[in-house]
$ cat structure38.txt   # compact mmCIF, C-alpha atoms
# COMPACT_ATOMS: atom_id res chain seq x y z
CA MET I 19 -125.77 129.18 134.87
CA THR I 20 -128.02 131.00 132.41
CA THR I 21 -131.71 130.12 132.44
CA VAL I 22 -133.95 130.19 129.40
CA GLY I 23 -135.72 133.30 130.69
CA GLN I 24 -132.42 135.13 131.17
CA VAL I 25 -131.40 134.53 127.56
CA VAL I 26 -133.78 137.20 126.33
CA GLY I 27 -134.07 139.15 129.58
CA ARG I 28 -133.69 142.93 129.60
CA GLU I 29 -129.91 143.23 129.36
CA SER I 30 -129.28 140.18 127.23
CA ARG I 31 -132.16 140.97 124.84
CA LYS I 32 -130.35 144.06 123.56
CA ARG I 33 -127.12 142.13 123.03
CA PHE I 34 -128.98 139.27 121.34
CA LEU I 35 -130.80 141.62 118.97
CA ASP I 36 -127.62 143.60 118.26
CA VAL I 37 -125.85 140.40 117.25
CA ALA I 38 -128.83 139.20 115.20
CA GLU I 39 -129.05 142.54 113.35
CA ASN I 40 -125.32 142.45 112.68
CA VAL I 41 -125.48 138.90 111.27
CA LEU I 42 -128.47 139.87 109.11
CA GLU I 43 -126.65 142.92 107.72
CA ARG I 44 -123.70 140.76 106.75
CA PHE I 45 -125.97 138.22 105.09
CA LEU I 46 -127.74 140.94 103.13
CA SER I 47 -124.42 142.24 101.81
CA MET I 48 -123.11 138.82 100.72
CA LEU I 49 -122.58 138.40 96.98
CA GLU I 50 -124.10 134.92 97.35
CA ASN I 51 -127.37 136.33 98.73
CA PRO I 52 -129.91 135.00 96.19
CA LYS I 53 -132.51 137.73 96.89
CA PRO I 54 -130.71 140.99 97.68
CA GLU I 55 -133.97 142.92 97.29
CA ARG I 56 -135.16 141.51 100.62
CA LYS I 57 -134.02 143.74 103.46
CA GLY I 58 -135.44 142.14 106.57
CA CYS I 59 -136.96 139.18 108.36
CA TYR I 60 -138.65 138.15 111.59
CA ILE I 61 -136.84 136.20 114.28
CA CYS I 62 -138.64 134.06 116.84
CA VAL I 63 -136.83 132.64 119.87
CA MET I 64 -138.77 129.97 121.65
CA ALA I 65 -138.18 127.83 124.74
CA LYS I 66 -138.73 124.14 124.10
CA THR I 67 -140.41 123.70 127.47
CA GLY I 68 -144.03 124.68 126.96
CA SER I 69 -143.24 126.08 123.50
CA LYS I 70 -143.04 129.49 125.15
CA VAL I 71 -142.24 132.33 122.77
CA LEU I 72 -139.52 134.41 124.41
CA LEU I 73 -138.88 136.92 121.66
CA ILE I 74 -140.27 137.94 118.29
CA SER I 75 -138.71 140.85 116.51
CA GLU I 76 -138.30 142.30 113.07
CA LEU I 77 -134.67 142.43 111.96
CA GLY I 78 -133.86 144.91 109.25
CA GLU I 79 -136.96 146.08 107.45
CA CYS I 80 -139.51 143.73 105.92
CA ASP I 81 -141.67 144.77 103.00
CA ILE I 82 -144.98 145.86 104.51
CA LYS I 83 -146.89 143.51 102.18
CA GLU I 84 -144.95 140.49 103.44
CA ALA I 85 -144.30 141.37 107.10
CA ASP I 86 -147.38 139.60 108.51
CA THR I 87 -146.55 136.45 106.56
CA TYR I 88 -142.94 136.40 107.80
CA PHE I 89 -144.11 137.10 111.37
CA LYS I 90 -146.43 134.07 111.25
CA LEU I 91 -143.97 131.79 109.43
CA SER I 92 -141.21 132.48 111.97
CA GLN I 93 -143.51 131.03 114.63
CA GLU I 94 -144.89 128.21 112.47
CA LYS I 95 -141.40 126.90 111.74
CA ALA I 96 -140.48 126.89 115.44
CA HIS I 97 -143.71 125.17 116.52
CA ARG I 98 -143.39 122.60 113.72
CA LEU I 99 -139.78 121.86 114.62
CA LEU I 100 -140.79 121.23 118.22
CA GLY I 101 -143.91 119.28 117.25
CA HIS I 102 -141.82 116.81 115.27
CA GLY I 103 -138.98 116.68 117.80
CA HIS I 104 -136.47 117.66 115.11
CA PHE I 105 -133.43 119.93 115.28
CA SER I 106 -133.95 121.50 111.83
CA SER I 107 -137.19 122.59 110.21
CA TRP I 108 -135.78 121.19 106.96
CA GLN I 109 -136.55 117.75 108.43
CA SER I 110 -140.28 118.48 108.07
CA ARG I 111 -140.05 120.88 105.13
CA ASP I 112 -142.89 120.62 102.60
CA PHE I 113 -142.49 123.48 100.14
CA ASP I 114 -145.80 122.75 98.38
CA ALA I 115 -147.64 122.99 101.71
CA GLY I 116 -145.92 126.25 102.69
CA LYS I 117 -143.70 124.60 105.31
CA TYR I 118 -140.19 125.99 104.93
CA GLY I 119 -136.72 125.60 106.41
CA GLY I 120 -135.15 128.25 108.61
CA ALA I 121 -135.62 127.12 112.23
CA ILE I 122 -132.94 125.31 114.23
CA THR I 123 -132.16 124.01 117.66
CA ALA I 124 -129.18 122.12 119.02
CA PRO I 125 -129.24 118.41 118.21
CA PRO I 126 -129.67 116.19 121.29
CA ASN I 127 -125.98 115.20 121.34
CA SER I 128 -124.66 118.76 120.85
CA ASN I 129 -121.59 119.88 122.77
CA GLY I 130 -122.80 123.49 122.70
CA TYR I 131 -123.97 125.28 125.81
CA ALA I 132 -126.74 123.36 127.55
CA ILE I 133 -129.07 126.31 127.01
CA GLY I 134 -128.88 125.63 123.27
CA ARG I 135 -130.73 122.35 123.72
CA GLU I 136 -133.57 124.30 125.36
CA MET I 137 -133.98 126.99 122.68
CA VAL I 138 -135.24 127.34 119.10
CA ILE I 139 -134.19 130.10 116.72
CA SER I 140 -136.51 130.59 113.77
CA ILE I 141 -136.21 133.17 111.01
CA SER I 142 -138.50 133.98 108.12
CA GLY I 143 -138.26 136.62 105.41
CA LEU I 144 -135.07 135.73 103.59
CA PRO I 145 -134.67 132.89 101.10
CA GLU I 146 -134.96 129.62 103.06
CA LYS I 147 -131.25 128.92 103.14
CA GLY I 148 -130.67 132.51 104.21
CA ASP I 149 -133.14 132.07 107.07
CA GLU I 150 -131.25 128.96 108.15
CA ALA I 151 -127.77 130.49 107.68
CA VAL I 152 -128.59 133.51 109.84
CA SER I 153 -130.17 131.26 112.51
CA LEU I 154 -127.13 128.99 112.53
CA VAL I 155 -124.59 131.79 112.81
CA ILE I 156 -126.52 133.42 115.65
CA GLY I 157 -126.65 130.04 117.43
CA LEU I 158 -122.92 129.54 116.86
CA ILE I 159 -122.00 133.02 118.13
CA PHE I 160 -123.88 132.35 121.39
CA ARG I 161 -122.45 128.79 121.48
CA TRP I 162 -125.91 127.25 121.56
CA ILE I 163 -124.69 125.01 118.74
CA THR I 164 -121.30 123.82 117.56
CA THR I 165 -119.60 123.52 114.19
CA ASP I 166 -120.43 119.80 114.26
CA ASP I 167 -124.11 120.73 114.69
CA ILE I 168 -123.86 123.08 111.71
CA LYS I 169 -122.43 120.28 109.58
CA LEU I 170 -125.24 117.94 110.65
CA ILE I 171 -127.92 120.54 109.90
CA THR I 172 -126.45 121.67 106.58
CA ASP I 173 -126.06 118.07 105.44
CA ILE I 174 -129.87 117.94 105.61
CA SER I 175 -130.53 121.26 103.85
CA GLY I 176 -127.57 121.37 101.47
CA ASN I 177 -127.00 124.92 102.68
CA LEU I 178 -123.60 126.28 101.66
CA LEU I 179 -124.44 129.94 102.40
CA VAL I 180 -123.72 129.44 106.09
CA PHE I 181 -120.02 128.81 105.50
CA THR I 182 -119.55 132.14 103.73
CA LEU I 183 -121.60 133.88 106.42
CA ILE I 184 -119.42 132.34 109.16
CA LYS I 185 -116.34 133.78 107.45
CA ASP I 186 -118.05 137.17 107.06
CA CYS I 187 -118.95 137.17 110.77
CA ALA I 188 -115.59 135.96 112.09
CA ASP I 189 -115.04 139.10 114.16
CA LEU I 190 -118.29 138.48 116.05
CA PHE I 191 -117.00 135.24 117.58
CA ASP I 192 -115.06 135.28 120.82
CA TRP I 193 -112.85 132.44 119.64
CA ASP I 194 -110.79 131.77 116.53
CA SER I 195 -113.40 131.19 113.83
CA LYS I 196 -111.39 130.72 110.69
CA TRP I 197 -113.23 128.24 108.48
CA ASN I 198 -110.96 126.66 105.89
CA ASP I 199 -111.92 125.64 102.38
CA GLU I 200 -112.57 122.06 103.49
CA GLY I 201 -115.29 123.12 105.91
CA LYS I 202 -113.11 122.64 109.00
CA TRP I 203 -111.98 125.01 111.72
$ encode --input "structure38.txt" --output "structure tokens"
Amino acid sequence: MTTVGQVVGRESRKRFLDVAENVLERFLSMLENPKPERKGCYICVMAKTGSKVLLISELGECDIKEADTYFKLSQEKAHRLLGHGHFSSWQSRDFDAGKYGGAITAPPNSNGYAIGREMVISISGLPEKGDEAVSLVIGLIFRWITTDDIKLITDISGNLLVFTLIKDCADLFDWDSKWNDEGKW
């Protein structure tokens, strides 16, 4: 069984970041990407127990003027999600107060890997729905969340970008990941 600490341990950290970079690249190249001028983001992976930050990394290349903001927001979203006991930062989103969507964890009744219920993935630097889409696809690739979890989370945010990104990342999944036009596998 994988422990939270092993998820971003030495060997698995490289694989995790390789997957995250790959998902980001595919998002950036999507025609539906609402802000193609943005070329990077920050990802924060946090353990729910003790709100321990396990990994913070730049993916792609953030504009130097915005990098510090994205770095801080990636952590704020994760801490806020945990502070409210939610599974999506959209549940506590307050755009006017600078509290954005883009952090996810597995819902309590998820059938994903148990480790998914112990982890938070938070991204900042893309448009909000892009942050969430990349987080969701990374979580799905590692089976921390399920397609049912994605539906639950996107029903809250209204995020349709994730479905295109899932199709664009189909070769990254180790199972048949063909999403049909009705939003079903």
$ residues_around --input "structure38.txt" --residues "range 89-102 of chain I" --least-positions-apart "6" --cutoff "10 Å" --atoms "only C-alpha atoms" --output "PyMOL selection string"
chain I and resi 59-71+74-76+80+108-111+116-123+137-143+149
$ axis_aligned_box --input "structure38.txt" --around "range 37-42 of chain I" --padding-each-side "3 Å" --output "lines of an AutoDock Vina configuration file"
center_x = -127.2
center_y = 140.7
center_z = 113.2
size_x = 9.7
size_y = 9.6
size_z = 14.1
$ closest_residue --input "structure38.txt" --among "I:Lys53, I:Leu158, I:His104, I:Ala124" --to "Cys187 in chain I" --atoms "all atoms listed in the file"
I:Leu158
$ atom_distance --input "structure38.txt" --atom1 "CA of Asp86 in chain I" --atom2 "CA of Gly148 in chain I"
18.7 Å
$ atom_distance --input "structure38.txt" --atom1 "CA of Phe105 in chain I" --atom2 "CA of Ile171 in chain I"
7.7 Å
$ closest_residue --input "structure38.txt" --among "I:Asn51, I:Arg56, I:Tyr131, I:Lys32" --to "Ile82 in chain I" --atoms "only C-alpha atoms"
I:Arg56
$ atom_distance --input "structure38.txt" --atom1 "CA of Asn127 in chain I" --atom2 "CA of Asp173 in chain I"
16.2 Å
$ closest_residue --input "structure38.txt" --among "I:Pro54, I:Phe191, I:Ser175, I:Leu144" --to "Tyr88 in chain I" --atoms "only C-alpha atoms"
I:Leu144
$ residues_around --input "structure38.txt" --residues "Val41 in chain I" --least-positions-apart "3" --cutoff "10 Å" --atoms "only C-alpha atoms" --output "number ranges by chain"
I: 35-38, 44-46, 77, 151-153, 155-156, 159, 183-184, 186-187, 190
$ residues_around --input "structure38.txt" --residues "Asp166 in chain I" --least-positions-apart "5" --cutoff "10 Å" --atoms "only C-alpha atoms" --output "MDAnalysis selection string"
chainID I and resid 125 128:130 171:172 202
$ write_last_selection --input "structure38.txt" --atoms "C-alpha atoms" --output "PDB file, in the coordinates of the input"
ATOM      1  CA  PRO I 125    -129.240 118.410 118.210  1.00  0.00           C
ATOM      2  CA  SER I 128    -124.660 118.760 120.850  1.00  0.00           C
ATOM      3  CA  ASN I 129    -121.590 119.880 122.770  1.00  0.00           C
ATOM      4  CA  GLY I 130    -122.800 123.490 122.700  1.00  0.00           C
ATOM      5  CA  ILE I 171    -127.920 120.540 109.900  1.00  0.00           C
ATOM      6  CA  THR I 172    -126.450 121.670 106.580  1.00  0.00           C
ATOM      7  CA  LYS I 202    -113.110 122.640 109.000  1.00  0.00           C
TER       8      LYS I 202
END
$ decode --input "structure38.txt" --residues "range 69-182 of chain I" --atoms "C-alpha atoms" --output "PDB file, in the first residue's frame"
ATOM      1  CA  SER I  69      -2.106  20.063   6.098  1.00  0.00           C
ATOM      2  CA  LYS I  70       1.455  19.051   5.261  1.00  0.00           C
ATOM      3  CA  VAL I  71       2.724  20.406   1.950  1.00  0.00           C
ATOM      4  CA  LEU I  72       4.379  17.508   0.137  1.00  0.00           C
ATOM      5  CA  LEU I  73       5.264  19.207  -3.122  1.00  0.00           C
ATOM      6  CA  ILE I  74       5.196  22.642  -4.700  1.00  0.00           C
ATOM      7  CA  SER I  75       6.539  23.037  -8.182  1.00  0.00           C
ATOM      8  CA  GLU I  76       6.290  25.287 -11.180  1.00  0.00           C
ATOM      9  CA  LEU I  77       4.885  23.514 -14.230  1.00  0.00           C
ATOM     10  CA  GLY I  78       5.707  25.063 -17.562  1.00  0.00           C
ATOM     11  CA  GLU I  79       6.913  28.614 -17.198  1.00  0.00           C
ATOM     12  CA  CYS I  80       5.007  31.289 -15.301  1.00  0.00           C
ATOM     13  CA  ASP I  81       5.373  34.952 -16.136  1.00  0.00           C
ATOM     14  CA  ILE I  82       7.912  36.325 -13.655  1.00  0.00           C
ATOM     15  CA  LYS I  83       5.499  39.115 -12.636  1.00  0.00           C
ATOM     16  CA  GLU I  84       2.816  36.594 -11.664  1.00  0.00           C
ATOM     17  CA  ALA I  85       4.863  33.640 -10.364  1.00  0.00           C
ATOM     18  CA  ASP I  86       4.804  34.679  -6.689  1.00  0.00           C
ATOM     19  CA  THR I  87       1.042  35.195  -6.815  1.00  0.00           C
ATOM     20  CA  TYR I  88       0.436  31.766  -8.384  1.00  0.00           C
ATOM     21  CA  PHE I  89       2.815  30.141  -5.882  1.00  0.00           C
ATOM     22  CA  LYS I  90       0.834  31.608  -2.968  1.00  0.00           C
ATOM     23  CA  LEU I  91      -2.596  30.953  -4.496  1.00  0.00           C
ATOM     24  CA  SER I  92      -1.796  27.276  -5.120  1.00  0.00           C
ATOM     25  CA  GLN I  93      -1.302  26.912  -1.365  1.00  0.00           C
ATOM     26  CA  GLU I  94      -4.210  29.156  -0.361  1.00  0.00           C
ATOM     27  CA  LYS I  95      -6.666  27.090  -2.392  1.00  0.00           C
ATOM     28  CA  ALA I  96      -5.462  23.848  -0.804  1.00  0.00           C
ATOM     29  CA  HIS I  97      -5.565  25.220   2.752  1.00  0.00           C
ATOM     30  CA  ARG I  98      -9.007  26.745   2.163  1.00  0.00           C
ATOM     31  CA  LEU I  99     -10.353  23.494   0.733  1.00  0.00           C
ATOM     32  CA  LEU I 100      -9.153  21.623   3.809  1.00  0.00           C
ATOM     33  CA  GLY I 101     -10.316  24.342   6.205  1.00  0.00           C
ATOM     34  CA  HIS I 102     -13.863  24.043   4.915  1.00  0.00           C
ATOM     35  CA  GLY I 103     -13.799  20.251   4.633  1.00  0.00           C
ATOM     36  CA  HIS I 104     -14.779  20.453   0.962  1.00  0.00           C
ATOM     37  CA  PHE I 105     -13.634  18.380  -2.015  1.00  0.00           C
ATOM     38  CA  SER I 106     -13.515  21.304  -4.472  1.00  0.00           C
ATOM     39  CA  SER I 107     -12.257  24.826  -3.876  1.00  0.00           C
ATOM     40  CA  TRP I 108     -15.197  25.995  -5.998  1.00  0.00           C
ATOM     41  CA  GLN I 109     -17.361  25.213  -2.956  1.00  0.00           C
ATOM     42  CA  SER I 110     -15.771  28.161  -1.126  1.00  0.00           C
ATOM     43  CA  ARG I 111     -14.949  30.272  -4.175  1.00  0.00           C
ATOM     44  CA  ASP I 112     -15.345  34.032  -3.705  1.00  0.00           C
ATOM     45  CA  PHE I 113     -13.977  35.726  -6.806  1.00  0.00           C
ATOM     46  CA  ASP I 114     -14.340  39.235  -5.363  1.00  0.00           C
ATOM     47  CA  ALA I 115     -12.248  38.217  -2.330  1.00  0.00           C
ATOM     48  CA  GLY I 116      -9.536  36.596  -4.472  1.00  0.00           C
ATOM     49  CA  LYS I 117     -10.568  33.036  -3.552  1.00  0.00           C
ATOM     50  CA  TYR I 118     -10.557  30.944  -6.711  1.00  0.00           C
ATOM     51  CA  GLY I 119     -11.319  27.424  -7.888  1.00  0.00           C
ATOM     52  CA  GLY I 120      -8.605  24.998  -8.909  1.00  0.00           C
ATOM     53  CA  ALA I 121      -7.989  22.682  -5.929  1.00  0.00           C
ATOM     54  CA  ILE I 122      -9.543  19.238  -5.590  1.00  0.00           C
ATOM     55  CA  THR I 123      -9.520  16.155  -3.438  1.00  0.00           C
ATOM     56  CA  ALA I 124     -11.493  12.941  -3.629  1.00  0.00           C
ATOM     57  CA  PRO I 125     -15.015  13.236  -2.236  1.00  0.00           C
ATOM     58  CA  PRO I 126     -15.570  11.179   0.939  1.00  0.00           C
ATOM     59  CA  ASN I 127     -17.498   8.452  -0.919  1.00  0.00           C
ATOM     60  CA  SER I 128     -15.002   8.172  -3.809  1.00  0.00           C
ATOM     61  CA  ASN I 129     -14.166   4.754  -5.211  1.00  0.00           C
ATOM     62  CA  GLY I 130     -10.707   5.966  -6.246  1.00  0.00           C
ATOM     63  CA  TYR I 131      -7.564   4.758  -4.549  1.00  0.00           C
ATOM     64  CA  ALA I 132      -7.707   5.330  -0.802  1.00  0.00           C
ATOM     65  CA  ILE I 133      -4.675   7.606  -1.066  1.00  0.00           C
ATOM     66  CA  GLY I 134      -6.831  10.046  -3.049  1.00  0.00           C
ATOM     67  CA  ARG I 135      -8.937  10.751   0.018  1.00  0.00           C
ATOM     68  CA  GLU I 136      -5.754  11.777   1.845  1.00  0.00           C
ATOM     69  CA  MET I 137      -4.386  14.174  -0.791  1.00  0.00           C
ATOM     70  CA  VAL I 138      -5.147  17.611  -2.249  1.00  0.00           C
ATOM     71  CA  ILE I 139      -4.022  18.774  -5.676  1.00  0.00           C
ATOM     72  CA  SER I 140      -4.104  22.532  -6.160  1.00  0.00           C
ATOM     73  CA  ILE I 141      -3.061  24.474  -9.243  1.00  0.00           C
ATOM     74  CA  SER I 142      -2.850  28.193  -9.860  1.00  0.00           C
ATOM     75  CA  GLY I 143      -1.720  30.159 -12.902  1.00  0.00           C
ATOM     76  CA  LEU I 144      -4.172  29.110 -15.583  1.00  0.00           C
ATOM     77  CA  PRO I 145      -7.751  30.324 -15.907  1.00  0.00           C
ATOM     78  CA  GLU I 146      -9.709  28.881 -12.961  1.00  0.00           C
ATOM     79  CA  LYS I 147     -11.379  26.140 -14.963  1.00  0.00           C
ATOM     80  CA  GLY I 148      -8.007  25.284 -16.472  1.00  0.00           C
ATOM     81  CA  ASP I 149      -6.504  24.980 -12.986  1.00  0.00           C
ATOM     82  CA  GLU I 150      -9.325  22.628 -12.041  1.00  0.00           C
ATOM     83  CA  ALA I 151      -9.217  20.629 -15.300  1.00  0.00           C
ATOM     84  CA  VAL I 152      -5.490  19.948 -14.994  1.00  0.00           C
ATOM     85  CA  SER I 153      -5.901  18.996 -11.305  1.00  0.00           C
ATOM     86  CA  LEU I 154      -8.759  16.638 -12.136  1.00  0.00           C
ATOM     87  CA  VAL I 155      -6.967  14.895 -14.980  1.00  0.00           C
ATOM     88  CA  ILE I 156      -3.845  14.398 -12.871  1.00  0.00           C
ATOM     89  CA  GLY I 157      -6.015  12.949 -10.083  1.00  0.00           C
ATOM     90  CA  LEU I 158      -7.781  10.667 -12.571  1.00  0.00           C
ATOM     91  CA  ILE I 159      -4.529   9.421 -14.126  1.00  0.00           C
ATOM     92  CA  PHE I 160      -3.241   8.409 -10.682  1.00  0.00           C
ATOM     93  CA  ARG I 161      -6.711   7.028  -9.801  1.00  0.00           C
ATOM     94  CA  TRP I 162      -6.992   9.284  -6.759  1.00  0.00           C
ATOM     95  CA  ILE I 163     -10.420  10.213  -8.099  1.00  0.00           C
ATOM     96  CA  THR I 164     -12.936   8.545 -10.395  1.00  0.00           C
ATOM     97  CA  THR I 165     -15.049   9.689 -13.309  1.00  0.00           C
ATOM     98  CA  ASP I 166     -18.001   9.900 -10.908  1.00  0.00           C
ATOM     99  CA  ASP I 167     -15.934  12.282  -8.745  1.00  0.00           C
ATOM    100  CA  ILE I 168     -15.174  14.402 -11.808  1.00  0.00           C
ATOM    101  CA  LYS I 169     -18.875  14.649 -12.604  1.00  0.00           C
ATOM    102  CA  LEU I 170     -19.642  15.677  -9.014  1.00  0.00           C
ATOM    103  CA  ILE I 171     -16.903  18.322  -9.008  1.00  0.00           C
ATOM    104  CA  THR I 172     -17.692  19.715 -12.464  1.00  0.00           C
ATOM    105  CA  ASP I 173     -21.385  19.933 -11.615  1.00  0.00           C
ATOM    106  CA  ILE I 174     -20.309  22.490  -8.997  1.00  0.00           C
ATOM    107  CA  SER I 175     -17.947  24.478 -11.236  1.00  0.00           C
ATOM    108  CA  GLY I 176     -19.679  24.070 -14.591  1.00  0.00           C
ATOM    109  CA  ASN I 177     -16.285  23.117 -15.997  1.00  0.00           C
ATOM    110  CA  LEU I 178     -16.519  21.550 -19.447  1.00  0.00           C
ATOM    111  CA  LEU I 179     -12.807  21.942 -20.275  1.00  0.00           C
ATOM    112  CA  VAL I 180     -11.963  18.796 -18.326  1.00  0.00           C
ATOM    113  CA  PHE I 181     -13.840  16.543 -20.748  1.00  0.00           C
ATOM    114  CA  THR I 182     -11.808  17.742 -23.723  1.00  0.00           C
TER     115      THR I 182
END
